[in-house]
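Trainee: Dropping in input-v2.cif, with mmCIF, C-alpha atoms and all ligand atoms.
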data_final
loop_
_atom_site.group_PDB
_atom_site.id
_atom_site.type_symbol
_atom_site.label_atom_id
_atom_site.label_comp_id
_atom_site.auth_asym_id
_atom_site.auth_seq_id
_atom_site.Cartn_x
_atom_site.Cartn_y
_atom_site.Cartn_z
ATOM 1 C CA MET A 1 0.000 0.000 0.000
ATOM 2 C CA ILE A 2 1.353 3.446 -0.877
ATOM 3 C CA LEU A 3 0.616 6.042 1.760
ATOM 4 C CA ALA A 4 0.305 9.659 0.675
ATOM 5 C CA PRO A 5 2.218 12.167 2.834
ATOM 6 C CA ALA A 6 0.046 13.645 5.565
ATOM 7 C CA MET A 7 -1.480 16.897 4.387
ATOM 8 C CA PRO A 8 -2.070 19.691 6.889
ATOM 9 C CA SER A 9 -5.780 20.050 7.522
ATOM 10 C CA ALA A 10 -7.480 23.011 5.865
ATOM 11 C CA ASP A 11 -7.916 24.873 9.162
ATOM 12 C CA ALA A 12 -4.323 24.261 10.399
ATOM 13 C CA PRO A 13 -2.434 27.526 10.964
ATOM 14 C CA PRO A 14 0.058 28.304 8.187
ATOM 15 C CA PRO A 15 3.702 27.261 8.694
ATOM 16 C CA PHE A 16 6.235 29.842 9.807
ATOM 17 C CA PRO A 17 8.893 31.007 7.318
ATOM 18 C CA ALA A 18 12.023 28.843 7.114
ATOM 19 C CA GLY A 19 14.457 31.535 8.350
ATOM 20 C CA PRO A 20 15.940 32.139 11.799
ATOM 21 C CA ILE A 21 14.161 31.397 15.048
ATOM 22 C CA VAL A 22 14.620 34.585 17.058
ATOM 23 C CA ILE A 23 14.315 34.327 20.835
ATOM 24 C CA TRP A 24 13.309 37.545 22.568
ATOM 25 C CA GLY A 25 11.826 38.752 25.871
ATOM 26 C CA TYR A 26 12.642 40.879 28.885
ATOM 27 C CA MET A 27 15.907 40.682 30.821
ATOM 28 C CA GLY A 28 15.885 37.543 32.953
ATOM 29 C CA ALA A 29 13.556 35.606 30.648
ATOM 30 C CA GLY A 30 16.337 33.090 29.933
ATOM 31 C CA LYS A 31 16.802 33.906 26.252
ATOM 32 C CA SER A 32 20.506 33.074 25.880
ATOM 33 C CA THR A 33 20.283 29.817 27.823
ATOM 34 C CA VAL A 34 17.152 28.642 26.024
ATOM 35 C CA ALA A 35 18.538 29.562 22.582
ATOM 36 C CA GLN A 36 21.776 27.705 23.323
ATOM 37 C CA ARG A 37 20.018 24.578 24.598
ATOM 38 C CA LEU A 38 17.465 24.597 21.781
ATOM 39 C CA ALA A 39 20.299 24.788 19.260
ATOM 40 C CA GLU A 40 22.127 21.909 20.978
ATOM 41 C CA ARG A 41 18.992 19.811 21.019
ATOM 42 C CA LEU A 42 18.190 20.444 17.369
ATOM 43 C CA GLY A 43 21.771 20.512 16.072
ATOM 44 C CA ARG A 44 21.364 24.056 14.753
ATOM 45 C CA THR A 45 23.641 27.081 14.664
ATOM 46 C CA VAL A 46 23.105 29.770 17.298
ATOM 47 C CA LEU A 47 24.209 33.349 17.944
ATOM 48 C CA ASP A 48 23.643 35.776 20.816
ATOM 49 C CA LEU A 49 23.263 39.325 19.504
ATOM 50 C CA ASP A 50 24.712 40.880 22.676
ATOM 51 C CA VAL A 51 27.842 38.752 22.187
ATOM 52 C CA CYS A 52 28.058 39.971 18.567
ATOM 53 C CA ILE A 53 27.751 43.569 19.812
ATOM 54 C CA ALA A 54 30.470 43.055 22.419
ATOM 55 C CA GLU A 55 32.758 41.591 19.747
ATOM 56 C CA ARG A 56 32.035 44.519 17.427
ATOM 57 C CA VAL A 57 32.658 47.271 19.990
ATOM 58 C CA GLY A 58 35.449 45.476 21.844
ATOM 59 C CA THR A 59 33.858 45.978 25.277
ATOM 60 C CA SER A 60 30.963 44.495 27.222
ATOM 61 C CA VAL A 61 27.439 45.725 26.510
ATOM 62 C CA ALA A 62 27.430 47.458 29.910
ATOM 63 C CA VAL A 63 30.631 49.376 29.122
ATOM 64 C CA CYS A 64 29.331 50.288 25.650
ATOM 65 C CA PHE A 65 26.107 51.593 27.209
ATOM 66 C CA ALA A 66 28.003 53.676 29.745
ATOM 67 C CA ALA A 67 30.591 55.019 27.297
ATOM 68 C CA GLN A 68 28.452 55.671 24.222
ATOM 69 C CA GLY A 69 24.915 55.983 25.613
ATOM 70 C CA GLU A 70 21.762 54.052 24.824
ATOM 71 C CA ALA A 71 21.070 55.659 21.413
ATOM 72 C CA ALA A 72 24.488 54.643 20.077
ATOM 73 C CA PHE A 73 24.052 51.148 21.519
ATOM 74 C CA ARG A 74 20.643 50.796 19.819
ATOM 75 C CA ALA A 75 22.085 51.892 16.461
ATOM 76 C CA ILE A 76 24.813 49.227 16.665
ATOM 77 C CA GLU A 77 22.266 46.648 17.860
ATOM 78 C CA ARG A 78 19.964 47.421 14.926
ATOM 79 C CA GLU A 79 22.721 47.278 12.326
ATOM 80 C CA LEU A 80 24.050 43.971 13.640
ATOM 81 C CA LEU A 81 20.571 42.479 13.941
ATOM 82 C CA LEU A 82 19.852 43.191 10.280
ATOM 83 C CA SER A 83 23.132 41.699 9.130
ATOM 84 C CA VAL A 84 22.829 38.627 11.382
ATOM 85 C CA LEU A 85 19.277 37.964 10.136
ATOM 86 C CA ASP A 86 20.743 37.587 6.645
ATOM 87 C CA SER A 87 23.721 35.506 7.775
ATOM 88 C CA GLY A 88 22.029 32.108 7.612
ATOM 89 C CA VAL A 89 22.122 31.619 11.384
ATOM 90 C CA GLN A 90 19.334 29.291 12.508
ATOM 91 C CA ILE A 91 18.712 30.398 16.103
ATOM 92 C CA LEU A 92 19.366 33.896 17.429
ATOM 93 C CA SER A 93 18.833 35.336 20.900
ATOM 94 C CA VAL A 94 18.552 39.118 21.109
ATOM 95 C CA GLY A 95 18.645 41.586 24.008
ATOM 96 C CA GLY A 96 15.434 42.687 25.686
ATOM 97 C CA GLY A 97 15.338 46.036 23.881
ATOM 98 C CA ALA A 98 16.415 44.850 20.440
ATOM 99 C CA LEU A 99 12.960 44.559 18.858
ATOM 100 C CA LEU A 100 11.058 47.425 20.458
ATOM 101 C CA ASP A 101 10.744 48.985 17.002
ATOM 102 C CA SER A 102 7.704 47.323 15.380
ATOM 103 C CA GLU A 103 9.396 47.558 11.988
ATOM 104 C CA LEU A 104 12.213 45.337 13.249
ATOM 105 C CA ARG A 105 9.737 42.809 14.619
ATOM 106 C CA ALA A 106 8.068 42.752 11.208
ATOM 107 C CA ARG A 107 11.467 42.198 9.535
ATOM 108 C CA VAL A 108 12.114 39.210 11.783
ATOM 109 C CA ARG A 109 8.657 37.759 11.216
ATOM 110 C CA ALA A 110 8.890 38.215 7.451
ATOM 111 C CA CYS A 111 11.895 35.901 7.200
ATOM 112 C CA GLY A 112 11.699 33.711 10.323
ATOM 113 C CA THR A 113 9.880 33.073 13.579
ATOM 114 C CA LEU A 114 9.771 35.435 16.546
ATOM 115 C CA VAL A 115 9.480 33.668 19.908
ATOM 116 C CA THR A 116 8.929 35.709 23.066
ATOM 117 C CA LEU A 117 9.921 34.117 26.358
ATOM 118 C CA ALA A 118 7.426 35.699 28.727
ATOM 119 C CA VAL A 119 8.445 36.494 32.283
ATOM 120 C CA THR A 120 6.903 38.713 34.950
ATOM 121 C CA PRO A 121 9.212 41.446 36.263
ATOM 122 C CA ALA A 122 9.173 40.002 39.790
ATOM 123 C CA VAL A 123 10.417 36.604 38.612
ATOM 124 C CA ALA A 124 12.906 38.204 36.218
ATOM 125 C CA ALA A 125 14.336 40.360 39.013
ATOM 126 C CA LYS A 126 14.634 37.326 41.278
ATOM 127 C CA ARG A 127 16.517 35.379 38.609
ATOM 128 C CA LEU A 128 18.875 38.269 37.856
ATOM 129 C CA THR A 129 19.571 38.884 41.526
ATOM 130 C CA ALA A 130 20.178 35.199 42.198
ATOM 131 C CA SER A 131 22.749 34.670 39.464
ATOM 132 C CA SER A 132 25.932 36.403 40.503
ATOM 133 C CA GLY A 133 27.247 39.001 38.076
ATOM 134 C CA GLU A 134 24.057 39.093 36.009
ATOM 135 C CA ALA A 135 22.733 42.249 37.612
ATOM 136 C CA ILE A 136 26.040 44.029 37.169
ATOM 137 C CA ARG A 137 26.325 43.273 33.484
ATOM 138 C CA ARG A 138 22.859 44.737 32.792
ATOM 139 C CA PRO A 139 22.777 48.527 32.701
ATOM 140 C CA LEU A 140 18.949 48.598 32.696
ATOM 141 C CA PHE A 141 18.458 46.355 35.724
ATOM 142 C CA ASP A 142 17.667 49.368 37.878
ATOM 143 C CA GLU A 143 14.833 51.011 39.819
ATOM 144 C CA GLY A 144 12.869 51.460 36.571
ATOM 145 C CA PHE A 145 12.834 47.700 35.911
ATOM 146 C CA ALA A 146 9.090 47.050 36.452
ATOM 147 C CA ALA A 147 7.945 50.289 34.806
ATOM 148 C CA ARG A 148 10.123 49.608 31.768
ATOM 149 C CA PHE A 149 8.601 46.144 31.481
ATOM 150 C CA ALA A 150 5.093 47.644 31.546
ATOM 151 C CA GLU A 151 6.028 50.063 28.741
ATOM 152 C CA ARG A 152 7.324 47.164 26.650
ATOM 153 C CA ALA A 153 4.653 44.546 27.401
ATOM 154 C CA ALA A 154 2.689 45.098 24.182
ATOM 155 C CA ALA A 155 5.838 44.735 22.090
ATOM 156 C CA TYR A 156 6.742 41.438 23.774
ATOM 157 C CA ALA A 157 3.217 40.148 23.082
ATOM 158 C CA ASP A 158 3.632 40.934 19.361
ATOM 159 C CA ALA A 159 5.353 37.667 18.431
ATOM 160 C CA ASP A 160 4.626 34.449 16.559
ATOM 161 C CA LEU A 161 4.862 32.448 19.774
ATOM 162 C CA VAL A 162 4.754 33.533 23.402
ATOM 163 C CA ILE A 163 6.033 30.937 25.864
ATOM 164 C CA ASP A 164 5.573 31.388 29.617
ATOM 165 C CA THR A 165 8.720 30.877 31.644
ATOM 166 C CA ASP A 166 7.801 31.981 35.174
ATOM 167 C CA ALA A 167 7.213 28.483 36.542
ATOM 168 C CA ALA A 168 9.438 26.522 34.162
ATOM 169 C CA THR A 169 13.056 25.369 34.144
ATOM 170 C CA PRO A 170 15.146 26.289 31.080
ATOM 171 C CA ASP A 171 14.839 22.711 29.763
ATOM 172 C CA GLU A 172 11.063 22.803 30.179
ATOM 173 C CA VAL A 173 11.013 26.075 28.243
ATOM 174 C CA VAL A 174 13.143 24.508 25.484
ATOM 175 C CA THR A 175 10.658 21.613 25.274
ATOM 176 C CA ALA A 176 7.724 24.028 25.091
ATOM 177 C CA VAL A 177 9.414 26.117 22.379
ATOM 178 C CA GLU A 178 10.317 23.013 20.370
ATOM 179 C CA GLY A 179 6.774 21.640 20.634
ATOM 180 C CA ALA A 180 5.216 24.944 19.572
ATOM 181 C CA LEU A 181 7.598 25.242 16.620
ATOM 182 C CA ARG A 182 6.858 21.674 15.497
ATOM 183 C CA ALA A 183 3.121 22.318 15.780
ATOM 184 C CA ARG A 184 3.569 25.165 13.302
ATOM 185 C CA ARG A 185 5.930 23.134 11.076
ATOM 186 C CA ALA A 186 8.822 25.528 11.706
ATOM 187 C CA LEU A 187 11.189 22.582 12.345
HETATM 188 C C1 LIG B 201 18.644 45.383 27.309
HETATM 189 C C2 LIG B 201 18.843 44.061 27.586
HETATM 190 C C3 LIG B 201 20.183 43.455 27.629
HETATM 191 C C4 LIG B 201 21.170 44.228 26.764
HETATM 192 C C5 LIG B 201 21.127 45.682 27.111
HETATM 193 C C6 LIG B 201 19.757 46.296 26.947
HETATM 194 C C7 LIG B 201 17.269 45.912 27.295
HETATM 195 O O1 LIG B 201 20.133 42.110 27.161
HETATM 196 O O2 LIG B 201 20.883 44.075 25.393
HETATM 197 O O3 LIG B 201 21.556 45.794 28.432
HETATM 198 O O4 LIG B 201 17.068 47.046 26.809
HETATM 199 O O5 LIG B 201 16.348 45.203 27.751
HETATM 200 P P1 LIG B 201 19.371 40.933 27.981
HETATM 201 O O6 LIG B 201 17.916 41.044 27.679
HETATM 202 O O7 LIG B 201 19.990 39.688 27.448
HETATM 203 O O8 LIG B 201 19.656 41.165 29.413
#
What does this structure look like when you write it as structure tokens?
Mentor:
Amino acid sequence: MILAPAMPSADAPPPFPAGPIVIWGYMGAGKSTVAQRLAERLGRTVLDLDVCIAERVGTSVAVCFAAQGEAAFRAIERELLLSVLDSGVQILSVGGGALLDSELRARVRACGTLVTLAVTPAVAAKRLTASSGEAIRRPLFDEGFAARFAERAAAYADADLVIDTDAATPDEVVTAVEGALRARRAL
């Protein structure tokens, strides 16, 4: 008997584009860890945009922020994002402010899949405080942390997939992301 390949049902949501899976969300959402582990699990290439920025400027993100200011940092972040999106990389984690411009989110979603790792500011702050050095390397982990999250919440919700992380371990988040991507035939 010859079996025809399974066809997606007529009301199945359309597949995501074949380009990069971009992992985004607020500071402390676990983006870098989840992107790294997802890439390991799937055997895919991975980049962290903040690492690319640090390599470009020759200092840490925190030092770049302090020395050049946020506007200069955002310009570098934007330029590198656009070039990395075209680089063929399969999984990319980006800093919590990298896609606040809706045009950039649309660019990502036109070629790949935008995944937000959702976290509440209280849990994010707890994670950042608990992991030594993390708070220091983040210039925007300050008294405006919760208010900044509230200003950005709508942007974080504007993604192909939103995965809750508050009550999950990084490996559980990786499993949830993988399952959601497979359900939309992005893998
Ligand atoms: C920022 C988040 C940081 C880093 C920079 C700005 C932000 O990355 O890009 O400090 O505006 O939310 P993480 O989200 O990886 O901490």
Trainee: Counting only C-alpha atoms and all ligand atoms, what residues are within 8 Å of ligand LIG 201 (chain B), given as a PyMOL selection string?
Mentor: chain A and resi 24-32+49-50+61-62+65+93-98+137-141
Trainee: Convert the current residue selection to file output with C-alpha atoms, as a tab-separated table (two decimals), in the frame of the given file.
Mentor:
chain	number	residue	atom	x	y	z
A	24	TRP	CA	13.31	37.54	22.57
A	25	GLY	CA	11.83	38.75	25.87
A	26	TYR	CA	12.64	40.88	28.88
A	27	MET	CA	15.91	40.68	30.82
A	28	GLY	CA	15.88	37.54	32.95
A	29	ALA	CA	13.56	35.61	30.65
A	30	GLY	CA	16.34	33.09	29.93
A	31	LYS	CA	16.80	33.91	26.25
A	32	SER	CA	20.51	33.07	25.88
A	49	LEU	CA	23.26	39.33	19.50
A	50	ASP	CA	24.71	40.88	22.68
A	61	VAL	CA	27.44	45.72	26.51
A	62	ALA	CA	27.43	47.46	29.91
A	65	PHE	CA	26.11	51.59	27.21
A	93	SER	CA	18.83	35.34	20.90
A	94	VAL	CA	18.55	39.12	21.11
A	95	GLY	CA	18.64	41.59	24.01
A	96	GLY	CA	15.43	42.69	25.69
A	97	GLY	CA	15.34	46.04	23.88
A	98	ALA	CA	16.42	44.85	20.44
A	137	ARG	CA	26.32	43.27	33.48
A	138	ARG	CA	22.86	44.74	32.79
A	139	PRO	CA	22.78	48.53	32.70
A	140	LEU	CA	18.95	48.60	32.70
A	141	PHE	CA	18.46	46.36	35.72
Trainee: Tell me, in Å to one decimal, how far CA of Ser83 (chain A) is from CA of Thr175 (chain A).
Mentor: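 CA of Thr175 (chain A) lies 28.6 Å from CA of Ser83 (chain A).
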Trainee: Please evaluate the PyMOL selection byres (((chain A and resi 108) around 9) and not hetatm) against the displayed coordinates and give the resulting residues as a list in words.
Mentor: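 So the PyMOL selection byres (((chain A and resi 108) around 9) and not hetatm) ends up selecting Gly19, Pro20, Ile21, Val22, Leu82, Leu85, Leu99, Glu103, Leu104, Arg105, Ala106, Arg107, Arg109, Ala110, Cys111, Gly112, Thr113 and Leu114 of chain A.
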Trainee: Closest to Asp158 (chain A) among A:Asp101, A:Glu77, A:Asp142, A:Glu40, using all atoms listed in the file?
Mentor: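 Closest candidate: A:Asp101.
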Trainee: Considering only C-alpha atoms, state which residue in the set A:Arg127, A:Ala35, A:Val46, A:Ala72 is at the smallest distance from Ala167 (chain A).
Mentor: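 Under the stated criterion, the closest residue is A:Arg127.
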Trainee: What is the distance, in Å and to one decimal place, between CA of Thr45 (chain A) and CA of Ala157 (chain A)?
Mentor: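 Rounded to one decimal, the two atoms are 25.7 Å apart.
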Trainee: Rounded to one decimal, what separation in Å do you get between CA of Gln36 (chain A) and CA of Ile91 (chain A)?
Mentor: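 Pair CA of Gln36 (chain A) / CA of Ile91 (chain A) returns 8.3 Å.
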